[in-house]
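Trainee: Below is the file upload_8.cif, which contains mmCIF, C-alpha atoms; chains and numbers go by the auth columns.
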data_target
#
loop_
_atom_site.group_PDB
_atom_site.id
_atom_site.type_symbol
_atom_site.label_atom_id
_atom_site.label_comp_id
_atom_site.label_asym_id
_atom_site.label_seq_id
_atom_site.Cartn_x
_atom_site.Cartn_y
_atom_site.Cartn_z
_atom_site.B_iso_or_equiv
_atom_site.auth_seq_id
_atom_site.auth_asym_id
ATOM 1 C CA MET A 1 0.000 0.000 0.000 0.00 1 A
ATOM 2 C CA LYS A 2 2.764 2.387 0.949 0.00 2 A
ATOM 3 C CA LYS A 3 4.599 1.611 -2.281 0.00 3 A
ATOM 4 C CA THR A 4 1.484 2.441 -4.272 0.00 4 A
ATOM 5 C CA LEU A 5 1.060 5.739 -2.449 0.00 5 A
ATOM 6 C CA THR A 6 4.716 6.550 -3.040 0.00 6 A
ATOM 7 C CA TRP A 7 4.486 6.014 -6.780 0.00 7 A
ATOM 8 C CA CYS A 8 1.290 8.084 -6.905 0.00 8 A
ATOM 9 C CA PHE A 9 3.078 10.870 -5.056 0.00 9 A
ATOM 10 C CA LEU A 10 6.001 10.777 -7.488 0.00 10 A
ATOM 11 C CA LEU A 11 3.641 10.804 -10.456 0.00 11 A
ATOM 12 C CA MET A 12 1.855 13.870 -9.097 0.00 12 A
ATOM 13 C CA LEU A 13 5.154 15.670 -8.645 0.00 13 A
ATOM 14 C CA LEU A 14 6.251 14.945 -12.182 0.00 14 A
ATOM 15 C CA MET A 15 2.875 15.964 -13.614 0.00 15 A
ATOM 16 C CA GLN A 16 2.939 19.261 -11.712 0.00 16 A
ATOM 17 C CA ALA A 17 6.485 20.000 -12.748 0.00 17 A
ATOM 18 C CA GLY A 18 5.800 19.046 -16.329 0.00 18 A
ATOM 19 C CA SER A 19 2.756 21.308 -16.470 0.00 19 A
ATOM 20 C CA ALA A 20 5.003 24.232 -15.562 0.00 20 A
ATOM 21 C CA ILE A 21 6.644 23.755 -18.950 0.00 21 A
ATOM 22 C CA SER A 22 3.669 22.556 -21.018 0.00 22 A
ATOM 23 C CA ASN A 23 1.489 25.532 -20.014 0.00 23 A
ATOM 24 C CA GLU A 24 3.329 27.612 -22.591 0.00 24 A
ATOM 25 C CA GLU A 25 5.247 26.822 -25.727 0.00 25 A
ATOM 26 C CA ILE A 26 8.963 27.200 -25.065 0.00 26 A
ATOM 27 C CA GLU A 27 11.126 28.459 -27.902 0.00 27 A
ATOM 28 C CA ILE A 28 14.809 27.744 -27.349 0.00 28 A
ATOM 29 C CA GLU A 29 17.202 30.227 -28.888 0.00 29 A
ATOM 30 C CA VAL A 30 20.961 29.791 -28.759 0.00 30 A
ATOM 31 C CA LEU A 31 22.541 33.188 -28.256 0.00 31 A
ATOM 32 C CA PRO A 32 25.229 33.925 -30.851 0.00 32 A
ATOM 33 C CA ALA A 33 27.479 35.573 -28.268 0.00 33 A
ATOM 34 C CA ALA A 34 27.904 34.627 -24.644 0.00 34 A
ATOM 35 C CA THR A 35 27.681 37.193 -21.885 0.00 35 A
ATOM 36 C CA GLY A 36 29.681 36.897 -18.726 0.00 36 A
ATOM 37 C CA VAL A 37 33.027 37.562 -17.100 0.00 37 A
ATOM 38 C CA MET A 38 36.279 35.738 -17.700 0.00 38 A
ATOM 39 C CA GLU A 39 38.675 37.023 -15.060 0.00 39 A
ATOM 40 C CA LYS A 40 41.989 38.357 -16.341 0.00 40 A
ATOM 41 C CA THR A 41 43.785 39.274 -13.139 0.00 41 A
ATOM 42 C CA GLY A 42 47.431 40.132 -13.600 0.00 42 A
ATOM 43 C CA THR A 43 46.951 41.583 -17.083 0.00 43 A
ATOM 44 C CA PHE A 44 46.763 45.295 -17.898 0.00 44 A
ATOM 45 C CA LEU A 45 44.181 47.740 -19.168 0.00 45 A
ATOM 46 C CA PRO A 46 44.935 49.672 -22.380 0.00 46 A
ATOM 47 C CA LEU A 47 45.704 52.916 -20.536 0.00 47 A
ATOM 48 C CA ASP A 48 46.107 55.000 -23.697 0.00 48 A
ATOM 49 C CA THR A 49 42.471 54.406 -24.634 0.00 49 A
ATOM 50 C CA THR A 50 40.506 57.664 -24.654 0.00 50 A
ATOM 51 C CA PHE A 51 36.930 58.408 -23.617 0.00 51 A
ATOM 52 C CA ILE A 52 34.623 61.374 -23.042 0.00 52 A
ATOM 53 C CA ASN A 53 33.833 62.257 -19.435 0.00 53 A
ATOM 54 C CA GLU A 54 30.685 63.792 -17.968 0.00 54 A
ATOM 55 C CA ASN A 55 32.053 67.262 -18.724 0.00 55 A
ATOM 56 C CA ALA A 56 32.383 66.429 -22.438 0.00 56 A
ATOM 57 C CA GLN A 57 36.182 66.393 -22.129 0.00 57 A
ATOM 58 C CA SER A 58 38.424 63.812 -23.796 0.00 58 A
ATOM 59 C CA VAL A 59 40.426 61.845 -21.223 0.00 59 A
ATOM 60 C CA SER A 60 42.623 58.760 -21.345 0.00 60 A
ATOM 61 C CA LEU A 61 42.517 56.003 -18.769 0.00 61 A
ATOM 62 C CA ARG A 62 46.132 56.837 -17.965 0.00 62 A
ATOM 63 C CA GLU A 63 45.049 60.296 -16.781 0.00 63 A
ATOM 64 C CA ILE A 64 42.490 58.812 -14.387 0.00 64 A
ATOM 65 C CA ILE A 65 44.185 55.633 -13.193 0.00 65 A
ATOM 66 C CA ASN A 66 47.013 57.238 -11.229 0.00 66 A
ATOM 67 C CA LYS A 67 46.013 55.450 -8.025 0.00 67 A
ATOM 68 C CA PRO A 68 43.959 52.323 -7.178 0.00 68 A
ATOM 69 C CA THR A 69 40.761 52.507 -9.191 0.00 69 A
ATOM 70 C CA LEU A 70 37.375 50.794 -9.225 0.00 70 A
ATOM 71 C CA LEU A 71 35.975 50.156 -12.716 0.00 71 A
ATOM 72 C CA LEU A 72 32.255 49.485 -13.149 0.00 72 A
ATOM 73 C CA PRO A 73 30.937 48.673 -16.666 0.00 73 A
ATOM 74 C CA VAL A 74 27.274 49.661 -17.088 0.00 74 A
ATOM 75 C CA TYR A 75 25.094 51.585 -19.458 0.00 75 A
ATOM 76 C CA TYR A 76 23.321 54.677 -18.175 0.00 76 A
ATOM 77 C CA THR A 77 19.866 54.039 -19.644 0.00 77 A
ATOM 78 C CA CYS A 78 19.687 50.489 -18.283 0.00 78 A
ATOM 79 C CA PRO A 79 16.278 49.971 -16.610 0.00 79 A
ATOM 80 C CA GLN A 80 17.432 47.034 -14.499 0.00 80 A
ATOM 81 C CA ILE A 81 20.544 45.938 -12.638 0.00 81 A
ATOM 82 C CA CYS A 82 22.872 48.812 -13.612 0.00 82 A
ATOM 83 C CA SER A 83 20.862 51.186 -11.433 0.00 83 A
ATOM 84 C CA PHE A 84 21.245 48.872 -8.448 0.00 84 A
ATOM 85 C CA ASP A 85 24.956 48.466 -9.136 0.00 85 A
ATOM 86 C CA MET A 86 25.584 52.209 -9.167 0.00 86 A
ATOM 87 C CA ALA A 87 23.438 52.750 -6.075 0.00 87 A
ATOM 88 C CA ASN A 88 25.186 49.934 -4.205 0.00 88 A
ATOM 89 C CA LEU A 89 28.558 51.327 -5.221 0.00 89 A
ATOM 90 C CA ALA A 90 27.563 54.775 -3.970 0.00 90 A
ATOM 91 C CA ILE A 91 26.590 53.263 -0.609 0.00 91 A
ATOM 92 C CA ALA A 92 29.881 51.343 -0.446 0.00 92 A
ATOM 93 C CA LEU A 93 31.825 54.515 -1.220 0.00 93 A
ATOM 94 C CA GLN A 94 29.961 56.292 1.544 0.00 94 A
ATOM 95 C CA GLN A 95 30.756 53.545 4.045 0.00 95 A
ATOM 96 C CA THR A 96 34.345 52.787 3.034 0.00 96 A
ATOM 97 C CA SER A 97 37.045 52.787 5.706 0.00 97 A
ATOM 98 C CA ILE A 98 39.651 53.749 3.096 0.00 98 A
ATOM 99 C CA SER A 99 40.374 57.437 2.587 0.00 99 A
ATOM 100 C CA PRO A 100 38.490 58.593 -0.524 0.00 100 A
ATOM 101 C CA GLU A 101 41.554 60.569 -1.556 0.00 101 A
ATOM 102 C CA ASN A 102 43.452 57.315 -2.074 0.00 102 A
ATOM 103 C CA PHE A 103 41.433 55.889 -4.970 0.00 103 A
ATOM 104 C CA ASN A 104 39.395 56.755 -8.042 0.00 104 A
ATOM 105 C CA VAL A 105 36.191 55.307 -9.465 0.00 105 A
ATOM 106 C CA ILE A 106 35.273 54.898 -13.128 0.00 106 A
ATOM 107 C CA THR A 107 31.798 54.088 -14.387 0.00 107 A
ATOM 108 C CA LEU A 108 32.133 53.196 -18.066 0.00 108 A
ATOM 109 C CA SER A 109 29.160 52.952 -20.396 0.00 109 A
ATOM 110 C CA PHE A 110 29.500 50.107 -22.888 0.00 110 A
ATOM 111 C CA ASN A 111 26.674 51.600 -24.978 0.00 111 A
ATOM 112 C CA HIS A 112 28.562 53.643 -27.573 0.00 112 A
ATOM 113 C CA ARG A 113 25.381 55.575 -28.408 0.00 113 A
ATOM 114 C CA GLU A 114 25.258 57.204 -24.985 0.00 114 A
ATOM 115 C CA THR A 115 26.626 60.721 -24.640 0.00 115 A
ATOM 116 C CA ALA A 116 28.336 63.030 -22.171 0.00 116 A
ATOM 117 C CA GLU A 117 24.880 64.371 -21.308 0.00 117 A
ATOM 118 C CA ASP A 118 23.779 60.878 -20.268 0.00 118 A
ATOM 119 C CA ALA A 119 26.939 60.538 -18.176 0.00 119 A
ATOM 120 C CA ALA A 120 26.437 63.935 -16.516 0.00 120 A
ATOM 121 C CA ARG A 121 22.816 63.188 -15.654 0.00 121 A
ATOM 122 C CA THR A 122 23.721 59.779 -14.231 0.00 122 A
ATOM 123 C CA LYS A 123 26.593 61.185 -12.192 0.00 123 A
ATOM 124 C CA LYS A 124 24.300 63.805 -10.665 0.00 124 A
ATOM 125 C CA ASN A 125 21.776 61.128 -9.701 0.00 125 A
ATOM 126 C CA TYR A 126 24.232 58.843 -7.915 0.00 126 A
ATOM 127 C CA THR A 127 26.720 61.281 -6.438 0.00 127 A
ATOM 128 C CA SER A 128 23.744 62.968 -4.767 0.00 128 A
ATOM 129 C CA MET A 129 23.643 59.859 -2.548 0.00 129 A
ATOM 130 C CA LEU A 130 27.094 60.697 -1.215 0.00 130 A
ATOM 131 C CA GLU A 131 27.847 63.011 1.654 0.00 131 A
ATOM 132 C CA ASN A 132 30.594 65.598 1.657 0.00 132 A
ATOM 133 C CA GLN A 133 33.273 63.115 2.791 0.00 133 A
ATOM 134 C CA PHE A 134 33.639 61.647 -0.708 0.00 134 A
ATOM 135 C CA PRO A 135 35.025 63.954 -3.429 0.00 135 A
ATOM 136 C CA THR A 136 32.678 63.525 -6.382 0.00 136 A
ATOM 137 C CA GLU A 137 35.440 64.606 -8.778 0.00 137 A
ATOM 138 C CA ASN A 138 37.077 61.232 -8.048 0.00 138 A
ATOM 139 C CA TRP A 139 34.104 59.389 -9.542 0.00 139 A
ATOM 140 C CA HIS A 140 34.356 59.574 -13.340 0.00 140 A
ATOM 141 C CA PHE A 141 31.482 58.764 -15.689 0.00 141 A
ATOM 142 C CA LEU A 142 32.725 57.922 -19.180 0.00 142 A
ATOM 143 C CA THR A 143 31.296 57.312 -22.632 0.00 143 A
ATOM 144 C CA GLY A 144 33.196 56.495 -25.803 0.00 144 A
ATOM 145 C CA GLN A 145 33.501 54.973 -29.232 0.00 145 A
ATOM 146 C CA TYR A 146 32.686 51.307 -29.700 0.00 146 A
ATOM 147 C CA ASP A 147 36.263 50.260 -30.556 0.00 147 A
ATOM 148 C CA ASN A 148 37.665 51.871 -27.414 0.00 148 A
ATOM 149 C CA ILE A 149 34.922 50.401 -25.248 0.00 149 A
ATOM 150 C CA LYS A 150 35.659 46.925 -26.628 0.00 150 A
ATOM 151 C CA LYS A 151 39.367 47.315 -25.898 0.00 151 A
ATOM 152 C CA VAL A 152 38.582 47.833 -22.222 0.00 152 A
ATOM 153 C CA THR A 153 35.799 45.250 -21.871 0.00 153 A
ATOM 154 C CA ASP A 154 37.926 42.660 -23.682 0.00 154 A
ATOM 155 C CA ALA A 155 40.868 43.493 -21.411 0.00 155 A
ATOM 156 C CA ILE A 156 38.815 42.747 -18.288 0.00 156 A
ATOM 157 C CA GLY A 157 37.071 39.716 -19.847 0.00 157 A
ATOM 158 C CA TYR A 158 33.649 41.376 -19.730 0.00 158 A
ATOM 159 C CA THR A 159 31.226 40.411 -22.497 0.00 159 A
ATOM 160 C CA PHE A 160 27.863 41.963 -23.321 0.00 160 A
ATOM 161 C CA LYS A 161 25.341 41.612 -26.127 0.00 161 A
ATOM 162 C CA PRO A 162 22.945 44.204 -27.574 0.00 162 A
ATOM 163 C CA ALA A 163 19.358 43.006 -27.813 0.00 163 A
ATOM 164 C CA GLU A 164 16.705 43.738 -30.409 0.00 164 A
ATOM 165 C CA ASP A 165 14.752 45.956 -28.029 0.00 165 A
ATOM 166 C CA GLY A 166 17.631 48.420 -27.604 0.00 166 A
ATOM 167 C CA LEU A 167 18.692 47.004 -24.244 0.00 167 A
ATOM 168 C CA PHE A 168 21.714 44.845 -23.442 0.00 168 A
ATOM 169 C CA LEU A 169 22.327 41.414 -22.003 0.00 169 A
ATOM 170 C CA HIS A 170 25.247 41.811 -19.623 0.00 170 A
ATOM 171 C CA PRO A 171 26.726 40.643 -16.305 0.00 171 A
ATOM 172 C CA SER A 172 27.233 42.660 -13.129 0.00 172 A
ATOM 173 C CA ALA A 173 30.829 43.013 -11.950 0.00 173 A
ATOM 174 C CA LEU A 174 33.171 45.554 -10.385 0.00 174 A
ATOM 175 C CA VAL A 175 36.899 45.432 -11.143 0.00 175 A
ATOM 176 C CA ALA A 176 39.701 46.731 -8.899 0.00 176 A
ATOM 177 C CA ILE A 177 42.652 48.137 -10.847 0.00 177 A
ATOM 178 C CA GLY A 178 46.139 48.933 -9.560 0.00 178 A
ATOM 179 C CA SER A 179 47.719 52.349 -10.087 0.00 179 A
ATOM 180 C CA ASP A 180 49.747 50.886 -12.968 0.00 180 A
ATOM 181 C CA GLY A 181 46.629 49.627 -14.762 0.00 181 A
ATOM 182 C CA LYS A 182 47.002 46.018 -13.630 0.00 182 A
ATOM 183 C CA ILE A 183 43.762 44.090 -13.087 0.00 183 A
ATOM 184 C CA ILE A 184 43.802 43.021 -9.431 0.00 184 A
ATOM 185 C CA LYS A 185 40.429 41.667 -8.353 0.00 185 A
ATOM 186 C CA TYR A 186 36.788 41.247 -9.356 0.00 186 A
ATOM 187 C CA VAL A 187 33.880 41.975 -7.018 0.00 187 A
ATOM 188 C CA TYR A 188 30.468 40.369 -7.521 0.00 188 A
ATOM 189 C CA GLY A 189 27.148 40.547 -5.720 0.00 189 A
ATOM 190 C CA SER A 190 25.840 43.757 -4.200 0.00 190 A
ATOM 191 C CA PHE A 191 29.229 45.505 -3.833 0.00 191 A
ATOM 192 C CA VAL A 192 29.080 45.728 -0.027 0.00 192 A
ATOM 193 C CA SER A 193 31.617 48.026 1.593 0.00 193 A
ATOM 194 C CA GLY A 194 33.690 45.184 3.082 0.00 194 A
ATOM 195 C CA ASP A 195 34.223 43.570 -0.333 0.00 195 A
ATOM 196 C CA VAL A 196 35.033 46.920 -1.923 0.00 196 A
ATOM 197 C CA ASP A 197 37.482 47.848 0.848 0.00 197 A
ATOM 198 C CA LEU A 198 39.276 44.512 0.485 0.00 198 A
ATOM 199 C CA ALA A 199 39.523 44.930 -3.289 0.00 199 A
ATOM 200 C CA LEU A 200 40.932 48.448 -2.886 0.00 200 A
ATOM 201 C CA SER A 201 43.460 47.281 -0.294 0.00 201 A
ATOM 202 C CA GLU A 202 44.681 44.579 -2.660 0.00 202 A
ATOM 203 C CA ALA A 203 44.795 47.059 -5.541 0.00 203 A
ATOM 204 C CA GLU A 204 47.024 49.235 -3.366 0.00 204 A
ATOM 205 C CA LYS A 205 49.401 46.290 -2.909 0.00 205 A
ATOM 206 C CA GLY A 206 49.318 45.617 -6.629 0.00 206 A
ATOM 207 C CA THR A 207 49.133 41.840 -6.212 0.00 207 A
ATOM 208 C CA PRO A 208 46.378 40.036 -8.168 0.00 208 A
ATOM 209 C CA ALA A 209 43.894 38.297 -5.877 0.00 209 A
ATOM 210 C CA THR A 210 41.287 35.579 -6.270 0.00 210 A
ATOM 211 C CA SER A 211 37.667 36.630 -6.109 0.00 211 A
ATOM 212 C CA ILE A 212 35.797 34.922 -3.278 0.00 212 A
ATOM 213 C CA LYS A 213 32.212 35.913 -3.994 0.00 213 A
ATOM 214 C CA ARG A 214 31.456 34.082 -7.213 0.00 214 A
ATOM 215 C CA PHE A 215 27.732 34.808 -7.551 0.00 215 A
ATOM 216 C CA LEU A 216 27.324 36.568 -10.890 0.00 216 A
ATOM 217 C CA ALA A 217 24.114 38.439 -11.594 0.00 217 A
ATOM 218 C CA TYR A 218 22.870 39.157 -15.104 0.00 218 A
ATOM 219 C CA CYS A 219 20.750 41.860 -16.627 0.00 219 A
ATOM 220 C CA LEU A 220 18.267 40.367 -19.107 0.00 220 A
ATOM 221 C CA SER A 221 16.564 42.260 -21.871 0.00 221 A
ATOM 222 C CA GLY A 222 12.845 42.292 -22.555 0.00 222 A
ATOM 223 C CA GLU A 223 13.235 39.870 -25.455 0.00 223 A
ATOM 224 C CA VAL A 224 10.609 37.165 -24.991 0.00 224 A
ATOM 225 C CA LYS A 225 12.530 34.324 -26.610 0.00 225 A
ATOM 226 C CA GLN A 226 15.687 34.927 -24.610 0.00 226 A
ATOM 227 C CA ASN A 227 13.846 35.221 -21.325 0.00 227 A
ATOM 228 C CA LYS A 228 11.903 32.043 -22.103 0.00 228 A
ATOM 229 C CA THR A 229 15.212 30.274 -22.545 0.00 229 A
ATOM 230 C CA VAL A 230 16.262 31.304 -19.047 0.00 230 A
ATOM 231 C CA PHE A 231 12.939 30.281 -17.528 0.00 231 A
ATOM 232 C CA PHE A 232 13.080 26.956 -19.364 0.00 232 A
ATOM 233 C CA VAL A 233 16.439 26.215 -17.750 0.00 233 A
ATOM 234 C CA LEU A 234 15.049 27.132 -14.337 0.00 234 A
ATOM 235 C CA LYS A 235 11.978 24.951 -14.790 0.00 235 A
ATOM 236 C CA THR A 236 14.062 22.033 -15.986 0.00 236 A
ATOM 237 C CA SER A 237 16.231 22.392 -12.895 0.00 237 A
ATOM 238 C CA VAL A 238 13.097 22.236 -10.722 0.00 238 A
ATOM 239 C CA ILE A 239 12.027 18.988 -12.397 0.00 239 A
ATOM 240 C CA VAL A 240 15.444 17.440 -11.851 0.00 240 A
ATOM 241 C CA LEU A 241 15.396 18.410 -8.177 0.00 241 A
ATOM 242 C CA LEU A 242 11.899 17.010 -7.750 0.00 242 A
ATOM 243 C CA CYS A 243 12.916 13.729 -9.368 0.00 243 A
ATOM 244 C CA ILE A 244 15.949 13.420 -7.133 0.00 244 A
ATOM 245 C CA GLY A 245 13.890 14.234 -4.031 0.00 245 A
ATOM 246 C CA GLY A 246 11.186 11.793 -5.054 0.00 246 A
ATOM 247 C CA TYR A 247 13.719 9.031 -5.638 0.00 247 A
ATOM 248 C CA PHE A 248 15.222 9.412 -2.180 0.00 248 A
ATOM 249 C CA LEU A 249 11.760 9.580 -0.631 0.00 249 A
ATOM 250 C CA TYR A 250 10.835 6.338 -2.402 0.00 250 A
ATOM 251 C CA LYS A 251 14.029 4.634 -1.228 0.00 251 A
ATOM 252 C CA THR A 252 13.374 5.759 2.348 0.00 252 A
ATOM 253 C CA LEU A 253 9.793 4.482 2.366 0.00 253 A
ATOM 254 C CA ARG A 254 10.799 1.221 0.719 0.00 254 A
ATOM 255 C CA ARG A 255 13.496 0.660 3.333 0.00 255 A
ATOM 256 C CA LYS A 256 10.895 1.192 6.065 0.00 256 A
ATOM 257 C CA ASP A 257 8.532 -1.306 4.375 0.00 257 A
ATOM 258 C CA ASP A 258 11.324 -3.900 4.199 0.00 258 A
ATOM 259 C CA ASP A 259 12.207 -3.360 7.853 0.00 259 A
ATOM 260 C CA THR A 260 8.539 -3.753 8.827 0.00 260 A
ATOM 261 C CA THR A 261 8.194 -6.933 6.767 0.00 261 A
ATOM 262 C CA SER A 262 11.355 -8.508 8.172 0.00 262 A
ATOM 263 C CA SER A 263 10.430 -7.678 11.764 0.00 263 A
ATOM 264 C CA SER A 264 7.002 -9.247 11.375 0.00 264 A
#
Any chance you could give the structure as structure tokens?

Mentor:
Amino acid sequence: MKKTLTWCFLLMLLMQAGSAISNEEIEIEVLPAATGVMEKTGTFLPLDTTFINENAQSVSLREIINKPTLLLPVYYTCPQICSFDMANLAIALQQTSISPENFNVITLSFNHRETAEDAARTKKNYTSMLENQFPTENWHFLTGQYDNIKKVTDAIGYTFKPAEDGLFLHPSALVAIGSDGKIIKYVYGSFVSGDVDLALSEAEKGTPATSIKRFLAYCLSGEVKQNKTVFFVLKTSVIVLLCIGGYFLYKTLRRKDDDTTSSS
């Protein structure tokens, strides 16, 4: 009897999980370009690459990176995770135990269509979260030409993909750079002050370090097919977990039945 109930229970689980997929037609699309981060600690940024800052002035990375520097790739019109990243970074900068005079911050837009006006507006929004202790002139908001943007994103192993709706598929990551342009450490997650302080301390030493927090968040576009792909993977994972759980439940109940039979 117990075996029958167990198999019924497993069947119900599989039917419920399967209905999560069958309720809608899933279209699988293989993305032509991956998005993510391949860490390149110990290598160097192309410091002679030039960009336009929030004041519409042309600057090279060499002019900015004259001390430990935090580099955050985003795009300013992003409606999703970029806003959280910049806000979290502002909070971390406000709470840092390291003197703000000892490091710089660069927010680099990887959308080559964005302008100095976009950078200036974004800088005003996020530096307004800071109190007077942090010099806002040390936080640079850059835009630039596609080729120069790619030089930097390729150097840090950061890949992104434009979507049909004008948005971008991209990861969330903060990179600590030494004063000589060497890539020291990557920071993932919500950029809490402790992680940022540690990355800055290691950038000051100039010795590449292993990233501990490996959770990598992604910003998805509004493209239906691509989002369905993600949800399909999640649903499939749920089915696998249910099957595994059901199998162990069955084995446990069967063992109890055998013990009961042998004892009687």

Trainee: Just so the selection is clear, what residues does the PyMOL selection byres ((chain A and resi 80-97) around 8) cover here, as a count of residues only?

Mentor: 25

Trainee: Would you compute the distance between CA of Pro208 in chain A and CA of Pro73 in chain A? Give it in Å to one decimal.

Mentor: 19.6 Å

Trainee: Which of these, A:Ser179, A:Asn53, A:Asn138, A:Thr77, has the shortest distance to Leu167 in chain A once you count only C-alpha atoms?

Mentor: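 Distance minimum relative to Leu167 in chain A lands on A:Thr77.
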
Trainee: Between CA of Gly181 in chain A and CA of Ile65 in chain A, measure the distance and give it in Å to one decimal.

Mentor: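 Taking CA of Gly181 in chain A and CA of Ile65 in chain A, their separation equals 6.7 Å.
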
Trainee: Could you list, as an MDAnalysis selection string, every residue matched by the PyMOL selection byres ((chain A and resi 187) around 12) in this structure?

Mentor: chainID A and resid 37 39 41 70:72 85 89 171:177 183:186 188:200 202 209:217

Trainee: Excluding range 148-156 of chain A and any residue of its chain fewer than 6 positions from it, enumerate the residues within 9 Å of it, using all atoms listed in the file, and give them as a VMD selection string.

Mentor: chain A and resid 37 to 41 43 to 47 49 to 51 73 108 to 112 175 183

Trainee: Write the residues you've just listed into a file as a PDB file, in the coordinates of the input, and include C-alpha atoms for each of them.

Mentor:
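So selection34.pdb came out as:
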ATOM      1  CA  VAL A  37      33.027  37.562 -17.100  1.00  0.00           C
ATOM      2  CA  MET A  38      36.279  35.738 -17.700  1.00  0.00           C
ATOM      3  CA  GLU A  39      38.675  37.023 -15.060  1.00  0.00           C
ATOM      4  CA  LYS A  40      41.989  38.357 -16.341  1.00  0.00           C
ATOM      5  CA  THR A  41      43.785  39.274 -13.139  1.00  0.00           C
ATOM      6  CA  THR A  43      46.951  41.583 -17.083  1.00  0.00           C
ATOM      7  CA  PHE A  44      46.763  45.295 -17.898  1.00  0.00           C
ATOM      8  CA  LEU A  45      44.181  47.740 -19.168  1.00  0.00           C
ATOM      9  CA  PRO A  46      44.935  49.672 -22.380  1.00  0.00           C
ATOM     10  CA  LEU A  47      45.704  52.916 -20.536  1.00  0.00           C
ATOM     11  CA  THR A  49      42.471  54.406 -24.634  1.00  0.00           C
ATOM     12  CA  THR A  50      40.506  57.664 -24.654  1.00  0.00           C
ATOM     13  CA  PHE A  51      36.930  58.408 -23.617  1.00  0.00           C
ATOM     14  CA  PRO A  73      30.937  48.673 -16.666  1.00  0.00           C
ATOM     15  CA  LEU A 108      32.133  53.196 -18.066  1.00  0.00           C
ATOM     16  CA  SER A 109      29.160  52.952 -20.396  1.00  0.00           C
ATOM     17  CA  PHE A 110      29.500  50.107 -22.888  1.00  0.00           C
ATOM     18  CA  ASN A 111      26.674  51.600 -24.978  1.00  0.00           C
ATOM     19  CA  HIS A 112      28.562  53.643 -27.573  1.00  0.00           C
ATOM     20  CA  VAL A 175      36.899  45.432 -11.143  1.00  0.00           C
ATOM     21  CA  ILE A 183      43.762  44.090 -13.087  1.00  0.00           C
TER      22      ILE A 183
END

Trainee: Enumerate, as number ranges by chain, the protein, DNA and RNA residues whose atoms approach (40.4, 57.8, -5.6) to within 7 Å, taking into account only C-alpha atoms and the coordinate frame of the file.

Mentor: A: 67-69, 100-105, 138

Trainee: How far is it from CA of Thr136 in chain A to CA of Gln57 in chain A, in Å with one decimal?

Mentor: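 If I compute the distance from CA of Thr136 in chain A to CA of Gln57 in chain A, I get 16.4 Å.
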
Trainee: List, as a ChimeraX atom specification, every residue that the PyMOL selection byres ((chain A and resi 123) around 10) selects in the file provided.

Mentor: /A:54,76,86,107,117-122,124-128,136,139-142

Trainee: Enclose all atoms of range 54-64 of chain A listed in the file in an axis-aligned box, grow every side by 8 Å, and hand back centre and edge lengths in Å to one decimal, as AutoDock Vina command-line options.

Mentor:
--center_x 38.4 --center_y 61.6 --center_z -19.1 --size_x 31.4 --size_y 27.3 --size_z 25.4
